>>> print(open('coords.pdb').read())   # PDB, C-alpha atoms
ATOM      1  CA  MET A   1     -10.330  29.727  -2.137  1.00  0.00           C
ATOM      2  CA  LYS A   2     -10.980  27.931  -5.436  1.00  0.00           C
ATOM      3  CA  PRO A   3      -9.974  24.231  -5.335  1.00  0.00           C
ATOM      4  CA  THR A   4      -7.141  23.051  -7.550  1.00  0.00           C
ATOM      5  CA  THR A   5      -8.607  21.357 -10.624  1.00  0.00           C
ATOM      6  CA  LEU A   6      -6.739  18.239 -11.712  1.00  0.00           C
ATOM      7  CA  GLY A   7      -7.096  16.076 -14.742  1.00  0.00           C
ATOM      8  CA  PHE A   8      -6.249  12.582 -13.510  1.00  0.00           C
ATOM      9  CA  ALA A   9      -5.367  10.078 -16.231  1.00  0.00           C
ATOM     10  CA  LEU A  10      -4.859   6.352 -15.739  1.00  0.00           C
ATOM     11  CA  CYS A  11      -3.004   4.097 -18.182  1.00  0.00           C
ATOM     12  CA  GLY A  12      -2.833   0.310 -18.241  1.00  0.00           C
ATOM     13  CA  SER A  13      -0.440  -0.558 -15.434  1.00  0.00           C
ATOM     14  CA  PHE A  14      -3.330  -2.490 -13.901  1.00  0.00           C
ATOM     15  CA  CYS A  15      -1.361  -3.850 -10.942  1.00  0.00           C
ATOM     16  CA  THR A  16      -1.166  -0.309  -9.526  1.00  0.00           C
ATOM     17  CA  PHE A  17      -4.834   0.650  -9.974  1.00  0.00           C
ATOM     18  CA  SER A  18      -5.954  -0.066  -6.407  1.00  0.00           C
ATOM     19  CA  THR A  19      -3.104   2.054  -5.003  1.00  0.00           C
ATOM     20  CA  VAL A  20      -3.710   4.883  -7.475  1.00  0.00           C
ATOM     21  CA  ILE A  21      -7.458   4.907  -6.847  1.00  0.00           C
ATOM     22  CA  ARG A  22      -6.810   5.245  -3.099  1.00  0.00           C
ATOM     23  CA  GLN A  23      -4.674   8.294  -3.896  1.00  0.00           C
ATOM     24  CA  MET A  24      -7.491   9.744  -6.002  1.00  0.00           C
ATOM     25  CA  GLU A  25      -9.779   9.364  -3.003  1.00  0.00           C
ATOM     26  CA  GLN A  26      -7.276  11.132  -0.747  1.00  0.00           C
ATOM     27  CA  LEU A  27      -6.831  13.966  -3.233  1.00  0.00           C
ATOM     28  CA  THR A  28     -10.577  14.621  -3.323  1.00  0.00           C
ATOM     29  CA  GLN A  29     -10.628  14.568   0.483  1.00  0.00           C
ATOM     30  CA  GLN A  30      -7.847  17.194   0.445  1.00  0.00           C
ATOM     31  CA  GLY A  31     -10.051  19.446  -1.697  1.00  0.00           C
ATOM     32  CA  TYR A  32      -8.739  18.748  -5.207  1.00  0.00           C
ATOM     33  CA  ASP A  33     -11.377  18.719  -7.951  1.00  0.00           C
ATOM     34  CA  LEU A  34     -10.593  15.648 -10.099  1.00  0.00           C
ATOM     35  CA  TYR A  35     -11.602  14.958 -13.693  1.00  0.00           C
ATOM     36  CA  PRO A  36     -10.916  11.286 -14.537  1.00  0.00           C
ATOM     37  CA  ILE A  37      -9.398  10.255 -17.877  1.00  0.00           C
ATOM     38  CA  LEU A  38      -8.728   6.661 -18.956  1.00  0.00           C
ATOM     39  CA  SER A  39      -6.673   5.267 -21.810  1.00  0.00           C
ATOM     40  CA  TYR A  40      -8.441   2.897 -24.180  1.00  0.00           C
ATOM     41  CA  ASN A  41      -6.922  -0.120 -22.439  1.00  0.00           C
ATOM     42  CA  ALA A  42      -7.674   1.156 -18.944  1.00  0.00           C
ATOM     43  CA  TYR A  43     -11.273   1.819 -19.962  1.00  0.00           C
ATOM     44  CA  ASN A  44     -11.933  -1.442 -21.803  1.00  0.00           C
ATOM     45  CA  LEU A  45      -9.794  -4.310 -20.510  1.00  0.00           C
ATOM     46  CA  ASP A  46     -10.688  -6.741 -17.751  1.00  0.00           C
ATOM     47  CA  THR A  47      -7.555  -8.204 -16.152  1.00  0.00           C
ATOM     48  CA  ARG A  48      -6.614 -10.436 -13.230  1.00  0.00           C
ATOM     49  CA  PHE A  49      -6.522  -7.221 -11.164  1.00  0.00           C
ATOM     50  CA  GLY A  50     -10.200  -6.412 -11.738  1.00  0.00           C
ATOM     51  CA  LYS A  51     -12.961  -5.629 -14.183  1.00  0.00           C
ATOM     52  CA  ALA A  52     -12.920  -2.400 -16.167  1.00  0.00           C
ATOM     53  CA  GLU A  53     -16.527  -1.583 -15.318  1.00  0.00           C
ATOM     54  CA  ASP A  54     -15.796  -1.906 -11.584  1.00  0.00           C
ATOM     55  CA  PHE A  55     -12.797   0.443 -11.793  1.00  0.00           C
ATOM     56  CA  ILE A  56     -14.825   2.929 -13.844  1.00  0.00           C
ATOM     57  CA  ALA A  57     -17.696   2.902 -11.335  1.00  0.00           C
ATOM     58  CA  GLN A  58     -15.278   3.400  -8.435  1.00  0.00           C
ATOM     59  CA  ILE A  59     -13.409   6.249 -10.154  1.00  0.00           C
ATOM     60  CA  GLU A  60     -16.588   8.049 -11.209  1.00  0.00           C
ATOM     61  CA  SER A  61     -17.956   7.745  -7.668  1.00  0.00           C
ATOM     62  CA  ILE A  62     -14.784   9.271  -6.199  1.00  0.00           C
ATOM     63  CA  CYS A  63     -14.584  12.122  -8.723  1.00  0.00           C
ATOM     64  CA  GLY A  64     -18.306  12.761  -9.134  1.00  0.00           C
ATOM     65  CA  LYS A  65     -17.777  12.993 -12.897  1.00  0.00           C
ATOM     66  CA  SER A  66     -17.961  10.729 -15.921  1.00  0.00           C
ATOM     67  CA  VAL A  67     -14.676   9.352 -17.225  1.00  0.00           C
ATOM     68  CA  ILE A  68     -13.155  11.031 -20.288  1.00  0.00           C
ATOM     69  CA  HIS A  69     -12.342   8.016 -22.482  1.00  0.00           C
ATOM     70  CA  THR A  70     -12.220   9.158 -26.111  1.00  0.00           C
ATOM     71  CA  ILE A  71      -9.949  11.457 -28.090  1.00  0.00           C
ATOM     72  CA  GLN A  72     -12.954  13.626 -28.935  1.00  0.00           C
ATOM     73  CA  GLN A  73     -13.784  14.101 -25.242  1.00  0.00           C
ATOM     74  CA  ALA A  74     -10.155  14.933 -24.390  1.00  0.00           C
ATOM     75  CA  GLU A  75      -9.541  17.457 -27.189  1.00  0.00           C
ATOM     76  CA  PRO A  76     -11.381  20.434 -25.553  1.00  0.00           C
ATOM     77  CA  ILE A  77      -9.296  20.200 -22.353  1.00  0.00           C
ATOM     78  CA  GLY A  78      -6.797  22.816 -23.551  1.00  0.00           C
ATOM     79  CA  PRO A  79      -9.154  25.201 -25.357  1.00  0.00           C
ATOM     80  CA  LYS A  80     -11.434  25.247 -22.307  1.00  0.00           C
ATOM     81  CA  ARG A  81      -8.458  25.538 -19.900  1.00  0.00           C
ATOM     82  CA  MET A  82     -10.091  22.843 -17.811  1.00  0.00           C
ATOM     83  CA  PHE A  83      -7.232  21.910 -15.451  1.00  0.00           C
ATOM     84  CA  ASP A  84      -4.634  23.659 -13.304  1.00  0.00           C
ATOM     85  CA  ALA A  85      -2.497  20.517 -13.651  1.00  0.00           C
ATOM     86  CA  LEU A  86      -2.794  17.111 -15.288  1.00  0.00           C
ATOM     87  CA  VAL A  87      -1.619  13.938 -13.540  1.00  0.00           C
ATOM     88  CA  VAL A  88      -0.863  10.712 -15.436  1.00  0.00           C
ATOM     89  CA  ALA A  89      -0.801   7.910 -12.850  1.00  0.00           C
ATOM     90  CA  PRO A  90       0.105   5.236 -13.600  1.00  0.00           C
ATOM     91  CA  CYS A  91       2.107   6.378 -16.615  1.00  0.00           C
ATOM     92  CA  THR A  92       3.195   3.310 -18.587  1.00  0.00           C
ATOM     93  CA  GLY A  93       6.253   2.870 -20.788  1.00  0.00           C
ATOM     94  CA  ASN A  94       3.958   2.961 -23.805  1.00  0.00           C
ATOM     95  CA  THR A  95       2.557   6.354 -22.815  1.00  0.00           C
ATOM     96  CA  LEU A  96       6.023   7.683 -21.927  1.00  0.00           C
ATOM     97  CA  ALA A  97       7.197   6.800 -25.450  1.00  0.00           C
ATOM     98  CA  LYS A  98       4.224   8.492 -27.076  1.00  0.00           C
ATOM     99  CA  LEU A  99       4.584  11.652 -24.993  1.00  0.00           C
ATOM    100  CA  ALA A 100       8.327  11.844 -25.706  1.00  0.00           C
ATOM    101  CA  ALA A 101       7.596  11.565 -29.433  1.00  0.00           C
ATOM    102  CA  SER A 102       4.496  13.846 -29.355  1.00  0.00           C
ATOM    103  CA  ILE A 103       2.273  11.024 -30.590  1.00  0.00           C
ATOM    104  CA  VAL A 104      -1.439  11.590 -29.977  1.00  0.00           C
ATOM    105  CA  ASP A 105      -3.509   8.445 -30.453  1.00  0.00           C
ATOM    106  CA  THR A 106      -5.208   7.815 -27.097  1.00  0.00           C
ATOM    107  CA  PRO A 107      -7.461   9.851 -24.791  1.00  0.00           C
ATOM    108  CA  VAL A 108      -4.534  10.272 -22.370  1.00  0.00           C
ATOM    109  CA  THR A 109      -2.020  11.521 -24.948  1.00  0.00           C
ATOM    110  CA  MET A 110      -4.642  13.875 -26.388  1.00  0.00           C
ATOM    111  CA  ALA A 111      -5.415  15.160 -22.887  1.00  0.00           C
ATOM    112  CA  VAL A 112      -1.726  15.880 -22.296  1.00  0.00           C
ATOM    113  CA  LYS A 113      -1.211  17.561 -25.672  1.00  0.00           C
ATOM    114  CA  SER A 114      -4.336  19.682 -25.274  1.00  0.00           C
ATOM    115  CA  HIS A 115      -3.432  20.657 -21.694  1.00  0.00           C
ATOM    116  CA  LEU A 116       0.167  21.591 -22.617  1.00  0.00           C
ATOM    117  CA  ARG A 117      -1.022  24.263 -25.054  1.00  0.00           C
ATOM    118  CA  ASN A 118      -1.655  26.414 -21.942  1.00  0.00           C
ATOM    119  CA  SER A 119       1.881  25.841 -20.548  1.00  0.00           C
ATOM    120  CA  ARG A 120       0.414  24.189 -17.476  1.00  0.00           C
ATOM    121  CA  PRO A 121       2.103  21.322 -15.598  1.00  0.00           C
ATOM    122  CA  VAL A 122       1.834  17.639 -16.453  1.00  0.00           C
ATOM    123  CA  VAL A 123       2.768  15.330 -13.561  1.00  0.00           C
ATOM    124  CA  LEU A 124       3.919  11.824 -14.529  1.00  0.00           C
ATOM    125  CA  ALA A 125       3.862   8.895 -12.090  1.00  0.00           C
ATOM    126  CA  VAL A 126       5.892   6.200 -13.845  1.00  0.00           C
ATOM    127  CA  SER A 127       5.034   2.508 -13.619  1.00  0.00           C
ATOM    128  CA  THR A 128       6.879   0.340 -16.114  1.00  0.00           C
ATOM    129  CA  ASN A 129       9.010  -2.796 -16.091  1.00  0.00           C
ATOM    130  CA  ASP A 130      11.492  -1.306 -18.583  1.00  0.00           C
ATOM    131  CA  ALA A 131      12.131   2.118 -17.046  1.00  0.00           C
ATOM    132  CA  LEU A 132      15.847   1.361 -16.755  1.00  0.00           C
ATOM    133  CA  ALA A 133      15.952  -0.233 -20.198  1.00  0.00           C
ATOM    134  CA  GLY A 134      13.926   0.717 -23.285  1.00  0.00           C
ATOM    135  CA  SER A 135      11.911   3.446 -21.533  1.00  0.00           C
ATOM    136  CA  ALA A 136      14.956   5.146 -19.992  1.00  0.00           C
ATOM    137  CA  LYS A 137      15.532   7.337 -23.059  1.00  0.00           C
ATOM    138  CA  ASN A 138      11.913   8.516 -22.966  1.00  0.00           C
ATOM    139  CA  ILE A 139      12.086   9.389 -19.267  1.00  0.00           C
ATOM    140  CA  GLY A 140      15.292  11.317 -20.014  1.00  0.00           C
ATOM    141  CA  ALA A 141      13.668  13.147 -22.911  1.00  0.00           C
ATOM    142  CA  LEU A 142      10.627  14.136 -20.824  1.00  0.00           C
ATOM    143  CA  LEU A 143      12.825  15.295 -17.943  1.00  0.00           C
ATOM    144  CA  ASN A 144      14.260  17.809 -20.422  1.00  0.00           C
ATOM    145  CA  MET A 145      10.908  19.016 -21.763  1.00  0.00           C
ATOM    146  CA  LYS A 146       9.158  22.064 -20.381  1.00  0.00           C
ATOM    147  CA  ASN A 147       6.100  21.584 -18.137  1.00  0.00           C
ATOM    148  CA  TYR A 148       6.696  17.893 -17.364  1.00  0.00           C
ATOM    149  CA  TYR A 149       7.262  16.900 -13.723  1.00  0.00           C
ATOM    150  CA  PHE A 150       7.878  13.466 -12.213  1.00  0.00           C
ATOM    151  CA  VAL A 151       6.504  11.908  -9.048  1.00  0.00           C
ATOM    152  CA  PRO A 152       9.419  10.446  -7.037  1.00  0.00           C
ATOM    153  CA  MET A 153      10.099   6.845  -8.036  1.00  0.00           C
ATOM    154  CA  ASN A 154      12.190   3.823  -7.148  1.00  0.00           C
ATOM    155  CA  GLN A 155      13.041   0.290  -8.247  1.00  0.00           C
ATOM    156  CA  ASP A 156      10.152  -1.783  -6.958  1.00  0.00           C
ATOM    157  CA  ASN A 157      11.868  -5.182  -7.159  1.00  0.00           C
ATOM    158  CA  CYS A 158      15.533  -4.864  -8.091  1.00  0.00           C
ATOM    159  CA  GLU A 159      16.257  -8.597  -7.774  1.00  0.00           C
ATOM    160  CA  LYS A 160      13.447 -10.080  -9.877  1.00  0.00           C
ATOM    161  CA  LYS A 161      12.740  -7.028 -12.084  1.00  0.00           C
ATOM    162  CA  PRO A 162      16.003  -5.038 -12.222  1.00  0.00           C
ATOM    163  CA  THR A 163      14.787  -2.523 -14.843  1.00  0.00           C
ATOM    164  CA  SER A 164      11.377  -1.880 -13.245  1.00  0.00           C
ATOM    165  CA  ILE A 165      10.464   1.484 -11.685  1.00  0.00           C
ATOM    166  CA  VAL A 166       7.270   2.505  -9.899  1.00  0.00           C
ATOM    167  CA  ALA A 167       6.379   5.956  -8.626  1.00  0.00           C
ATOM    168  CA  ASP A 168       5.633   6.563  -4.969  1.00  0.00           C
ATOM    169  CA  PHE A 169       1.980   7.379  -5.585  1.00  0.00           C
ATOM    170  CA  SER A 170       1.633   8.865  -2.081  1.00  0.00           C
ATOM    171  CA  GLN A 171       3.810  11.729  -3.378  1.00  0.00           C
ATOM    172  CA  ILE A 172       1.357  12.831  -6.082  1.00  0.00           C
ATOM    173  CA  ALA A 173      -0.068  15.759  -4.073  1.00  0.00           C
ATOM    174  CA  PRO A 174       3.338  17.211  -3.059  1.00  0.00           C
ATOM    175  CA  THR A 175       4.562  16.797  -6.645  1.00  0.00           C
ATOM    176  CA  VAL A 176       1.504  18.645  -7.972  1.00  0.00           C
ATOM    177  CA  GLU A 177       2.005  21.457  -5.451  1.00  0.00           C
ATOM    178  CA  ALA A 178       5.651  21.849  -6.489  1.00  0.00           C
ATOM    179  CA  ALA A 179       4.779  21.645 -10.192  1.00  0.00           C
ATOM    180  CA  LEU A 180       2.200  24.422  -9.817  1.00  0.00           C
ATOM    181  CA  GLU A 181       5.100  26.550  -8.538  1.00  0.00           C
ATOM    182  CA  GLY A 182       7.292  25.480 -11.485  1.00  0.00           C
ATOM    183  CA  ARG A 183       9.495  23.212  -9.344  1.00  0.00           C
ATOM    184  CA  GLN A 184      10.429  19.552  -9.656  1.00  0.00           C
ATOM    185  CA  ILE A 185      10.070  17.869  -6.271  1.00  0.00           C
ATOM    186  CA  GLN A 186      13.286  16.186  -5.109  1.00  0.00           C
ATOM    187  CA  PRO A 187      14.638  13.601  -4.946  1.00  0.00           C
ATOM    188  CA  ILE A 188      13.173  12.149  -8.132  1.00  0.00           C
ATOM    189  CA  LEU A 189      14.914   8.798  -7.600  1.00  0.00           C
ATOM    190  CA  TYR A 190      15.280   7.294  -4.177  1.00  0.00           C
ATOM    191  CA  THR A 191      16.128   4.000  -2.521  1.00  0.00           C
ATOM    192  CA  GLN A 192      13.318   2.386  -0.609  1.00  0.00           C
ATOM    193  CA  LYS A 193      14.507   1.414   2.870  1.00  0.00           C
ATOM    194  CA  SER A 194      14.340  -2.260   3.720  1.00  0.00           C
ATOM    195  CA  ASN A 195      11.917  -3.402   6.423  1.00  0.00           C
ATOM    196  CA  GLU A 196      14.532  -5.832   7.736  1.00  0.00           C
TER     197      GLU A 196
END
>>> encode(input="coords.pdb", output="structure tokens")
Amino acid sequence: MKPTTLGFALCGSFCTFSTVIRQMEQLTQQGYDLYPILSYNAYNLDTRFGKAEDFIAQIESICGKSVIHTIQQAEPIGPKRMFDALVVAPCTGNTLAKLAASIVDTPVTMAVKSHLRNSRPVVLAVSTNDALAGSAKNIGALLNMKNYYFVPMNQDNCEKKPTSIVADFSQIAPTVEAALEGRQIQPILYTQKSNE
């Protein structure tokens, strides 16, 4: 059986990179064929969470492919029908806004636009501090657009960051499987149980 081919795009929610990269590793172990895509910021910025070149080396080692990191590299994704599904994880508030407004000015937004021309699923794993504030309207808009699916998500720190939402990245594979069948996995929003 042919493996499921996934575009896997990372945007600049750098605090989630280590978790997301572990999920990429698990997806390849499950037989998914991953093509990595990085936003300009994800590809170029060193942060307190790590150096860009180290993340790139790790991602390319996991996927066995070079990172797509320019608009020109991302444009052929749709015409070549490269992916069965495209995952954006982490998907920042900035990228949510651009996707909701059909703005194409990064490798990730170009990848999504190009992929959508084939009416194939785009799976969004939200990570943004303003999901329940400024980004809420964009999440709502994308929930109502065809071919967009969301990884289940929850408030990650409701006391100190009451508008922040982060996807449960361990649910990427089940969300992709459902999306390939045209279904939104449920529940989309959930309450994380306390360890107390």
>>> residues_around(input="coords.pdb", residues="stretch 120-133 of chain A", least_positions_apart="2", cutoff="7 Å", atoms="only C-alpha atoms", output="PyMOL selection string")
chain A and resi 13+84-93+115-116+118+135-136+147-151+161+163-167+169+176+179-180
>>> write_last_selection(input="coords.pdb", atoms="C-alpha atoms", output="PDB file, in the frame of the given file")
ATOM      1  CA  SER A  13      -0.440  -0.558 -15.434  1.00  0.00           C
ATOM      2  CA  ASP A  84      -4.634  23.659 -13.304  1.00  0.00           C
ATOM      3  CA  ALA A  85      -2.497  20.517 -13.651  1.00  0.00           C
ATOM      4  CA  LEU A  86      -2.794  17.111 -15.288  1.00  0.00           C
ATOM      5  CA  VAL A  87      -1.619  13.938 -13.540  1.00  0.00           C
ATOM      6  CA  VAL A  88      -0.863  10.712 -15.436  1.00  0.00           C
ATOM      7  CA  ALA A  89      -0.801   7.910 -12.850  1.00  0.00           C
ATOM      8  CA  PRO A  90       0.105   5.236 -13.600  1.00  0.00           C
ATOM      9  CA  CYS A  91       2.107   6.378 -16.615  1.00  0.00           C
ATOM     10  CA  THR A  92       3.195   3.310 -18.587  1.00  0.00           C
ATOM     11  CA  GLY A  93       6.253   2.870 -20.788  1.00  0.00           C
ATOM     12  CA  HIS A 115      -3.432  20.657 -21.694  1.00  0.00           C
ATOM     13  CA  LEU A 116       0.167  21.591 -22.617  1.00  0.00           C
ATOM     14  CA  ASN A 118      -1.655  26.414 -21.942  1.00  0.00           C
ATOM     15  CA  SER A 135      11.911   3.446 -21.533  1.00  0.00           C
ATOM     16  CA  ALA A 136      14.956   5.146 -19.992  1.00  0.00           C
ATOM     17  CA  ASN A 147       6.100  21.584 -18.137  1.00  0.00           C
ATOM     18  CA  TYR A 148       6.696  17.893 -17.364  1.00  0.00           C
ATOM     19  CA  TYR A 149       7.262  16.900 -13.723  1.00  0.00           C
ATOM     20  CA  PHE A 150       7.878  13.466 -12.213  1.00  0.00           C
ATOM     21  CA  VAL A 151       6.504  11.908  -9.048  1.00  0.00           C
ATOM     22  CA  LYS A 161      12.740  -7.028 -12.084  1.00  0.00           C
ATOM     23  CA  THR A 163      14.787  -2.523 -14.843  1.00  0.00           C
ATOM     24  CA  SER A 164      11.377  -1.880 -13.245  1.00  0.00           C
ATOM     25  CA  ILE A 165      10.464   1.484 -11.685  1.00  0.00           C
ATOM     26  CA  VAL A 166       7.270   2.505  -9.899  1.00  0.00           C
ATOM     27  CA  ALA A 167       6.379   5.956  -8.626  1.00  0.00           C
ATOM     28  CA  PHE A 169       1.980   7.379  -5.585  1.00  0.00           C
ATOM     29  CA  VAL A 176       1.504  18.645  -7.972  1.00  0.00           C
ATOM     30  CA  ALA A 179       4.779  21.645 -10.192  1.00  0.00           C
ATOM     31  CA  LEU A 180       2.200  24.422  -9.817  1.00  0.00           C
TER      32      LEU A 180
END
>>> resolve_selection(input="coords.pdb", expression="the PyMOL selection byres ((chain A and resi 21-35) around 12)", output="PyMOL selection string")
chain A and resi 1-10+14-20+36-38+54-69+73-74+77+82-90+111+125+168-174+176-177
>>> atom_distance(input="coords.pdb", atom1="atom CA of A:Gly182", atom2="atom CA of A:Ser119")
10.6 Å
>>> axis_aligned_box(input="coords.pdb", around="stretch 145-157 of chain A", padding_each_side="5 Å", output="lines of an AutoDock Vina configuration file")
center_x = 9.6
center_y = 8.4
center_z = -14.4
size_x = 16.9
size_y = 37.2
size_z = 24.8
>>> resolve_selection(input="coords.pdb", expression="the PyMOL selection byres ((chain A and resi 191) around 12)", output="VMD selection string")
chain A and resid 152 to 158 165 to 168 187 to 190 192 to 194
>>> atom_distance(input="coords.pdb", atom1="atom CA of A:Ser39", atom2="atom CA of A:Pro162")
26.7 Å
